[in-house]
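File shown here: input-v4.pdb, holding PDB, C-alpha atoms and all ligand atoms.
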```pdb
ATOM      1  CA  MET A   1      26.886  52.347  63.104  1.00  0.00           C
ATOM      2  CA  THR A   2      23.653  50.368  63.465  1.00  0.00           C
ATOM      3  CA  LEU A   3      23.378  46.830  62.115  1.00  0.00           C
ATOM      4  CA  ASN A   4      21.134  48.062  59.298  1.00  0.00           C
ATOM      5  CA  ALA A   5      23.453  50.882  58.334  1.00  0.00           C
ATOM      6  CA  PHE A   6      26.348  48.441  58.378  1.00  0.00           C
ATOM      7  CA  ALA A   7      24.469  46.018  56.101  1.00  0.00           C
ATOM      8  CA  GLU A   8      23.596  48.898  53.753  1.00  0.00           C
ATOM      9  CA  ALA A   9      27.226  50.021  53.594  1.00  0.00           C
ATOM     10  CA  ARG A  10      28.360  46.464  52.868  1.00  0.00           C
ATOM     11  CA  ARG A  11      25.814  46.111  50.062  1.00  0.00           C
ATOM     12  CA  PHE A  12      26.831  49.404  48.565  1.00  0.00           C
ATOM     13  CA  GLU A  13      30.471  48.325  48.587  1.00  0.00           C
ATOM     14  CA  ALA A  14      29.372  45.181  46.768  1.00  0.00           C
ATOM     15  CA  VAL A  15      27.742  47.335  44.063  1.00  0.00           C
ATOM     16  CA  VAL A  16      30.936  49.349  43.639  1.00  0.00           C
ATOM     17  CA  ALA A  17      32.866  46.073  43.351  1.00  0.00           C
ATOM     18  CA  VAL A  18      30.429  44.807  40.702  1.00  0.00           C
ATOM     19  CA  LEU A  19      30.877  48.013  38.694  1.00  0.00           C
ATOM     20  CA  ASP A  20      34.654  47.747  38.957  1.00  0.00           C
ATOM     21  CA  ARG A  21      34.591  44.074  38.011  1.00  0.00           C
ATOM     22  CA  HIS A  22      32.743  44.985  34.809  1.00  0.00           C
ATOM     23  CA  GLY A  23      35.088  47.869  34.064  1.00  0.00           C
ATOM     24  CA  ARG A  24      32.181  50.342  34.377  1.00  0.00           C
ATOM     25  CA  ASP A  25      31.322  49.300  30.851  1.00  0.00           C
ATOM     26  CA  PRO A  26      27.784  50.406  29.786  1.00  0.00           C
ATOM     27  CA  SER A  27      27.540  47.374  27.479  1.00  0.00           C
ATOM     28  CA  LYS A  28      27.625  45.211  30.621  1.00  0.00           C
ATOM     29  CA  LEU A  29      24.509  46.854  32.046  1.00  0.00           C
ATOM     30  CA  ILE A  30      22.463  43.637  32.165  1.00  0.00           C
ATOM     31  CA  PRO A  31      25.006  41.522  34.091  1.00  0.00           C
ATOM     32  CA  ILE A  32      25.634  44.518  36.368  1.00  0.00           C
ATOM     33  CA  LEU A  33      21.922  44.841  37.157  1.00  0.00           C
ATOM     34  CA  GLN A  34      21.759  41.089  37.666  1.00  0.00           C
ATOM     35  CA  ALA A  35      24.564  41.259  40.238  1.00  0.00           C
ATOM     36  CA  VAL A  36      22.929  44.245  41.958  1.00  0.00           C
ATOM     37  CA  GLN A  37      19.656  42.334  42.156  1.00  0.00           C
ATOM     38  CA  ASP A  38      21.466  39.321  43.614  1.00  0.00           C
ATOM     39  CA  GLU A  39      22.758  41.619  46.339  1.00  0.00           C
ATOM     40  CA  TYR A  40      19.511  43.464  47.173  1.00  0.00           C
ATOM     41  CA  ARG A  41      16.971  40.897  45.913  1.00  0.00           C
ATOM     42  CA  TYR A  42      15.529  43.764  43.829  1.00  0.00           C
ATOM     43  CA  LEU A  43      16.720  46.946  42.112  1.00  0.00           C
ATOM     44  CA  PRO A  44      16.388  49.931  44.467  1.00  0.00           C
ATOM     45  CA  GLU A  45      15.751  53.179  42.610  1.00  0.00           C
ATOM     46  CA  GLU A  46      18.662  55.039  44.207  1.00  0.00           C
ATOM     47  CA  ILE A  47      21.065  52.244  43.274  1.00  0.00           C
ATOM     48  CA  MET A  48      19.866  52.293  39.656  1.00  0.00           C
ATOM     49  CA  THR A  49      20.550  56.028  39.614  1.00  0.00           C
ATOM     50  CA  TYR A  50      24.012  55.406  41.037  1.00  0.00           C
ATOM     51  CA  VAL A  51      24.701  52.719  38.422  1.00  0.00           C
ATOM     52  CA  ALA A  52      23.587  55.140  35.673  1.00  0.00           C
ATOM     53  CA  THR A  53      25.996  57.807  36.928  1.00  0.00           C
ATOM     54  CA  ALA A  54      28.839  55.301  37.270  1.00  0.00           C
ATOM     55  CA  LEU A  55      28.306  54.029  33.716  1.00  0.00           C
ATOM     56  CA  ASP A  56      27.703  57.524  32.348  1.00  0.00           C
ATOM     57  CA  VAL A  57      24.331  56.605  30.879  1.00  0.00           C
ATOM     58  CA  SER A  58      20.941  58.160  31.584  1.00  0.00           C
ATOM     59  CA  PRO A  59      18.867  56.860  34.499  1.00  0.00           C
ATOM     60  CA  ALA A  60      16.053  56.381  31.944  1.00  0.00           C
ATOM     61  CA  LYS A  61      18.180  53.864  30.054  1.00  0.00           C
ATOM     62  CA  VAL A  62      18.898  51.854  33.211  1.00  0.00           C
ATOM     63  CA  TYR A  63      15.249  52.010  34.228  1.00  0.00           C
ATOM     64  CA  GLY A  64      14.203  50.997  30.702  1.00  0.00           C
ATOM     65  CA  VAL A  65      16.381  47.874  30.791  1.00  0.00           C
ATOM     66  CA  ALA A  66      15.221  47.034  34.319  1.00  0.00           C
ATOM     67  CA  THR A  67      11.564  47.217  33.336  1.00  0.00           C
ATOM     68  CA  PHE A  68      11.978  45.478  29.961  1.00  0.00           C
ATOM     69  CA  TYR A  69      13.211  42.207  31.423  1.00  0.00           C
ATOM     70  CA  GLY A  70      10.591  40.477  33.551  1.00  0.00           C
ATOM     71  CA  HIS A  71      13.411  38.892  35.468  1.00  0.00           C
ATOM     72  CA  PHE A  72      14.262  42.165  37.187  1.00  0.00           C
ATOM     73  CA  SER A  73      12.200  43.369  40.116  1.00  0.00           C
ATOM     74  CA  LEU A  74      11.739  46.992  41.131  1.00  0.00           C
ATOM     75  CA  GLU A  75       9.940  45.956  44.306  1.00  0.00           C
ATOM     76  CA  PRO A  76      11.649  44.511  47.372  1.00  0.00           C
ATOM     77  CA  LYS A  77      11.389  40.742  47.489  1.00  0.00           C
ATOM     78  CA  GLY A  78      11.236  38.438  50.452  1.00  0.00           C
ATOM     79  CA  LYS A  79      14.135  36.324  51.629  1.00  0.00           C
ATOM     80  CA  HIS A  80      12.229  33.229  50.477  1.00  0.00           C
ATOM     81  CA  VAL A  81      10.643  33.438  47.045  1.00  0.00           C
ATOM     82  CA  LEU A  82       7.807  30.980  46.412  1.00  0.00           C
ATOM     83  CA  LYS A  83       6.770  30.493  42.801  1.00  0.00           C
ATOM     84  CA  ILE A  84       3.614  28.648  41.941  1.00  0.00           C
ATOM     85  CA  CYS A  85       3.282  27.620  38.335  1.00  0.00           C
ATOM     86  CA  ASP A  86       0.015  28.768  36.842  1.00  0.00           C
ATOM     87  CA  GLY A  87       0.510  27.261  33.411  1.00  0.00           C
ATOM     88  CA  THR A  88      -2.371  25.249  31.977  1.00  0.00           C
ATOM     89  CA  ALA A  89      -1.418  21.848  33.428  1.00  0.00           C
ATOM     90  CA  CYS A  90      -0.741  23.246  36.885  1.00  0.00           C
ATOM     91  CA  HIS A  91      -3.880  25.347  36.763  1.00  0.00           C
ATOM     92  CA  VAL A  92      -5.983  22.286  35.917  1.00  0.00           C
ATOM     93  CA  LYS A  93      -4.322  20.386  38.766  1.00  0.00           C
ATOM     94  CA  GLY A  94      -5.262  23.023  41.331  1.00  0.00           C
ATOM     95  CA  SER A  95      -2.516  25.651  41.458  1.00  0.00           C
ATOM     96  CA  GLY A  96      -5.187  28.263  42.243  1.00  0.00           C
ATOM     97  CA  ALA A  97      -6.015  26.496  45.511  1.00  0.00           C
ATOM     98  CA  LEU A  98      -2.312  26.464  46.394  1.00  0.00           C
ATOM     99  CA  VAL A  99      -2.089  30.206  45.787  1.00  0.00           C
ATOM    100  CA  ASP A 100      -5.163  30.827  47.972  1.00  0.00           C
ATOM    101  CA  ALA A 101      -3.846  28.614  50.772  1.00  0.00           C
ATOM    102  CA  LEU A 102      -0.396  30.202  50.773  1.00  0.00           C
ATOM    103  CA  ARG A 103      -1.714  33.767  50.523  1.00  0.00           C
ATOM    104  CA  SER A 104      -3.882  33.083  53.528  1.00  0.00           C
ATOM    105  CA  GLU A 105      -1.022  31.408  55.452  1.00  0.00           C
ATOM    106  CA  LEU A 106       1.253  34.381  54.696  1.00  0.00           C
ATOM    107  CA  ARG A 107      -1.560  36.900  55.344  1.00  0.00           C
ATOM    108  CA  LEU A 108      -0.976  38.603  52.043  1.00  0.00           C
ATOM    109  CA  GLU A 109      -3.686  41.152  51.446  1.00  0.00           C
ATOM    110  CA  GLY A 110      -4.942  42.743  48.252  1.00  0.00           C
ATOM    111  CA  LYS A 111      -2.318  42.567  45.524  1.00  0.00           C
ATOM    112  CA  ALA A 112       0.622  42.242  47.920  1.00  0.00           C
ATOM    113  CA  LYS A 113       3.154  39.593  46.926  1.00  0.00           C
ATOM    114  CA  THR A 114       5.627  40.140  49.730  1.00  0.00           C
ATOM    115  CA  THR A 115       5.082  39.880  53.471  1.00  0.00           C
ATOM    116  CA  PRO A 116       5.734  43.104  55.446  1.00  0.00           C
ATOM    117  CA  ASP A 117       8.641  41.422  57.283  1.00  0.00           C
ATOM    118  CA  LEU A 118      10.267  40.709  53.877  1.00  0.00           C
ATOM    119  CA  LEU A 119      10.500  37.027  54.707  1.00  0.00           C
ATOM    120  CA  PHE A 120       8.347  35.697  51.845  1.00  0.00           C
ATOM    121  CA  THR A 121       7.377  36.643  48.327  1.00  0.00           C
ATOM    122  CA  LEU A 122       4.697  34.598  46.598  1.00  0.00           C
ATOM    123  CA  GLU A 123       4.547  34.775  42.810  1.00  0.00           C
ATOM    124  CA  THR A 124       2.730  32.939  40.074  1.00  0.00           C
ATOM    125  CA  VAL A 125       4.755  32.073  37.000  1.00  0.00           C
ATOM    126  CA  SER A 126       4.003  30.606  33.605  1.00  0.00           C
ATOM    127  CA  CYS A 127       4.808  27.004  32.635  1.00  0.00           C
ATOM    128  CA  LEU A 128       8.084  25.829  34.132  1.00  0.00           C
ATOM    129  CA  GLY A 129       8.366  22.928  31.699  1.00  0.00           C
ATOM    130  CA  ALA A 130       7.667  20.274  34.317  1.00  0.00           C
ATOM    131  CA  CYS A 131       3.985  19.720  33.512  1.00  0.00           C
ATOM    132  CA  GLY A 132       4.219  16.011  34.395  1.00  0.00           C
ATOM    133  CA  LEU A 133       4.777  17.148  37.983  1.00  0.00           C
ATOM    134  CA  ALA A 134       1.811  19.547  38.087  1.00  0.00           C
ATOM    135  CA  PRO A 135       1.098  21.362  40.247  1.00  0.00           C
ATOM    136  CA  VAL A 136       4.606  22.694  40.749  1.00  0.00           C
ATOM    137  CA  LEU A 137       5.877  24.923  43.552  1.00  0.00           C
ATOM    138  CA  VAL A 138       9.424  26.322  43.455  1.00  0.00           C
ATOM    139  CA  VAL A 139      10.946  27.491  46.718  1.00  0.00           C
ATOM    140  CA  GLY A 140      14.248  29.233  46.120  1.00  0.00           C
ATOM    141  CA  ASP A 141      16.074  26.693  43.947  1.00  0.00           C
ATOM    142  CA  ASP A 142      14.027  23.684  45.090  1.00  0.00           C
ATOM    143  CA  VAL A 143      11.353  22.333  42.778  1.00  0.00           C
ATOM    144  CA  HIS A 144       8.440  20.546  44.441  1.00  0.00           C
ATOM    145  CA  GLY A 145       6.152  18.562  42.156  1.00  0.00           C
ATOM    146  CA  LEU A 146       2.693  17.052  42.645  1.00  0.00           C
ATOM    147  CA  VAL A 147       2.280  19.452  45.543  1.00  0.00           C
ATOM    148  CA  THR A 148      -0.786  19.245  47.730  1.00  0.00           C
ATOM    149  CA  LYS A 149      -2.159  22.127  49.731  1.00  0.00           C
ATOM    150  CA  ASP A 150      -1.022  20.482  52.979  1.00  0.00           C
ATOM    151  CA  GLU A 151       2.459  19.951  51.635  1.00  0.00           C
ATOM    152  CA  ALA A 152       2.749  23.573  50.479  1.00  0.00           C
ATOM    153  CA  LEU A 153       1.647  24.777  53.906  1.00  0.00           C
ATOM    154  CA  ARG A 154       4.088  22.412  55.617  1.00  0.00           C
ATOM    155  CA  ILE A 155       6.974  23.741  53.502  1.00  0.00           C
ATOM    156  CA  VAL A 156       6.152  27.338  54.435  1.00  0.00           C
ATOM    157  CA  ARG A 157       5.629  26.534  58.102  1.00  0.00           C
ATOM    158  CA  ASP A 158       8.961  24.688  58.208  1.00  0.00           C
ATOM    159  CA  ILE A 159      10.691  27.781  56.818  1.00  0.00           C
ATOM    160  CA  LYS A 160       8.920  30.001  59.358  1.00  0.00           C
ATOM    161  CA  ARG A 161       9.988  27.692  62.186  1.00  0.00           C
ATOM    162  CA  ALA A 162      13.611  27.630  60.973  1.00  0.00           C
ATOM    163  CA  GLU A 163      13.626  31.423  60.678  1.00  0.00           C
ATOM    164  CA  ALA A 164      12.151  31.834  64.162  1.00  0.00           C
ATOM    165  CA  SER A 165      14.688  29.466  65.711  1.00  0.00           C
ATOM    166  CA  ASP A 166      17.804  30.963  64.155  1.00  0.00           C
ATOM    167  CA  GLY A 167      16.626  34.563  64.207  1.00  0.00           C
ATOM    168  CA  GLY A 168      16.806  34.666  60.404  1.00  0.00           C
ATOM    169  CA  ASN A 169      20.546  34.025  60.195  1.00  0.00           C
TER     170      ASN A 169
HETATM  171  S1  LIG A 201       2.048  24.099  33.455  1.00  0.00           S
HETATM  172 FE1  LIG A 201       3.156  24.043  35.316  1.00  0.00          FE
HETATM  173  S2  LIG A 201       5.003  23.119  34.730  1.00  0.00           S
HETATM  174 FE2  LIG A 201       3.935  23.268  32.875  1.00  0.00          FE
END
```
Show me the file's structure as structure tokens.
Ligand code: FES
Amino acid sequence: MTLNAFAEARRFEAVVAVLDRHGRDPSKLIPILQAVQDEYRYLPEEIMTYVATALDVSPAKVYGVATFYGHFSLEPKGKHVLKICDGTACHVKGSGALVDALRSELRLEGKAKTTPDLLFTLETVSCLGACGLAPVLVVGDDVHGLVTKDEALRIVRDIKRAEASDGGN
């Protein structure tokens, strides 16, 4: 079994465990999808179909819930998710320049949000409630306030260096 196939099998086992943990109860669809997304970093179509079958609901219902909540992603996300606040205060304080600088650093083209190597996803989000710290950049669970372009680039380059040195582990 290749490393990828092994990782896939392990993830799939995790989905089965999530379903079992929730008693395959259709009323637990949201926490189930949340746990699946935690595992895959998005909701793969074939896994949503599997969840629908396991819960004995229609795939359309699962898909409907997944698309209704902005929190769920149907697209693969990078290992590191960068969120730049584009609320009014952050916008006024230059969040647009941060987005441009990071998109260029990550070589994101067109409407792409995720790098082809699935290392980074760059998103803009609405007000994070920390306007006093505008502009705000969130990297994973870390909130960086009063971020300059240089600082944002340094953060991303540090992550790239760490990933290159440990092979992504
Ligand atoms: S506008 Fe960015 S935190 Fe409020």
*Counting all atoms listed in the file, name the residues that have an atom within 6 Å of an atom of ligand LIG 201 (chain A); the answer should be given as a list in words.*
Cys85, Asp86, Gly87, Thr88, Ala89, Cys90, Cys127, Leu128, Gly129, Ala130, Cys131, Ala134, Pro135 and Val136 of chain A
Quick check on the file I pasted: which residues fall under the PyMOL selection byres (((chain A and resi 99) around 10) and not hetatm)? Write them as a compact mmCIF listing (two decimals) with C-alpha atoms, keeping the file's coordinate frame.
```
# COMPACT_ATOMS: atom_id res chain seq x y z
CA LEU A 82 7.81 30.98 46.41
CA LYS A 83 6.77 30.49 42.80
CA ILE A 84 3.61 28.65 41.94
CA CYS A 85 3.28 27.62 38.34
CA ASP A 86 0.02 28.77 36.84
CA GLY A 94 -5.26 23.02 41.33
CA SER A 95 -2.52 25.65 41.46
CA GLY A 96 -5.19 28.26 42.24
CA ALA A 97 -6.02 26.50 45.51
CA LEU A 98 -2.31 26.46 46.39
CA ASP A 100 -5.16 30.83 47.97
CA ALA A 101 -3.85 28.61 50.77
CA LEU A 102 -0.40 30.20 50.77
CA ARG A 103 -1.71 33.77 50.52
CA SER A 104 -3.88 33.08 53.53
CA GLU A 105 -1.02 31.41 55.45
CA LEU A 122 4.70 34.60 46.60
CA GLU A 123 4.55 34.78 42.81
CA THR A 124 2.73 32.94 40.07
CA LEU A 137 5.88 24.92 43.55
CA LYS A 149 -2.16 22.13 49.73
CA ALA A 152 2.75 23.57 50.48
```
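One finds CA of Tyr42 in chain A at 5.0 Å from CA of Ser73 in chain A.
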_Once the PyMOL selection byres (((chain A and resi 15) around 12) and not hetatm) has been evaluated on this model, what residues remain selected, and can you format them as an NGL selection string?_
:A and (8-14 or 16-22 or 24 or 31-40 or 43-44 or 46-48 or 50-51 or 54)
*Could you list the residues chosen by the PyMOL selection byres (((chain A and resi 63) around 10) and not hetatm) in this structure as a ChimeraX atom specification?*
/A:43,45,48-49,52,58-62,64-68,74
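As for CA of Lys79 in chain A and CA of Arg157 in chain A, they are spaced 14.5 Å apart.
For the pair CA of Leu146 in chain A and CA of Lys160 in chain A, the interatomic distance is 22.0 Å.
Shortest separation to Asp158 in chain A among A:Asn4, A:Val125, A:His80, A:His71 occurs at residue A:His80, atoms counted being only C-alpha atoms.
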*Pick out the closest residue to Val147 in chain A from this set: A:Leu108, A:Leu133, A:Ala164, A:Val92. Count only C-alpha atoms.*
A:Leu133
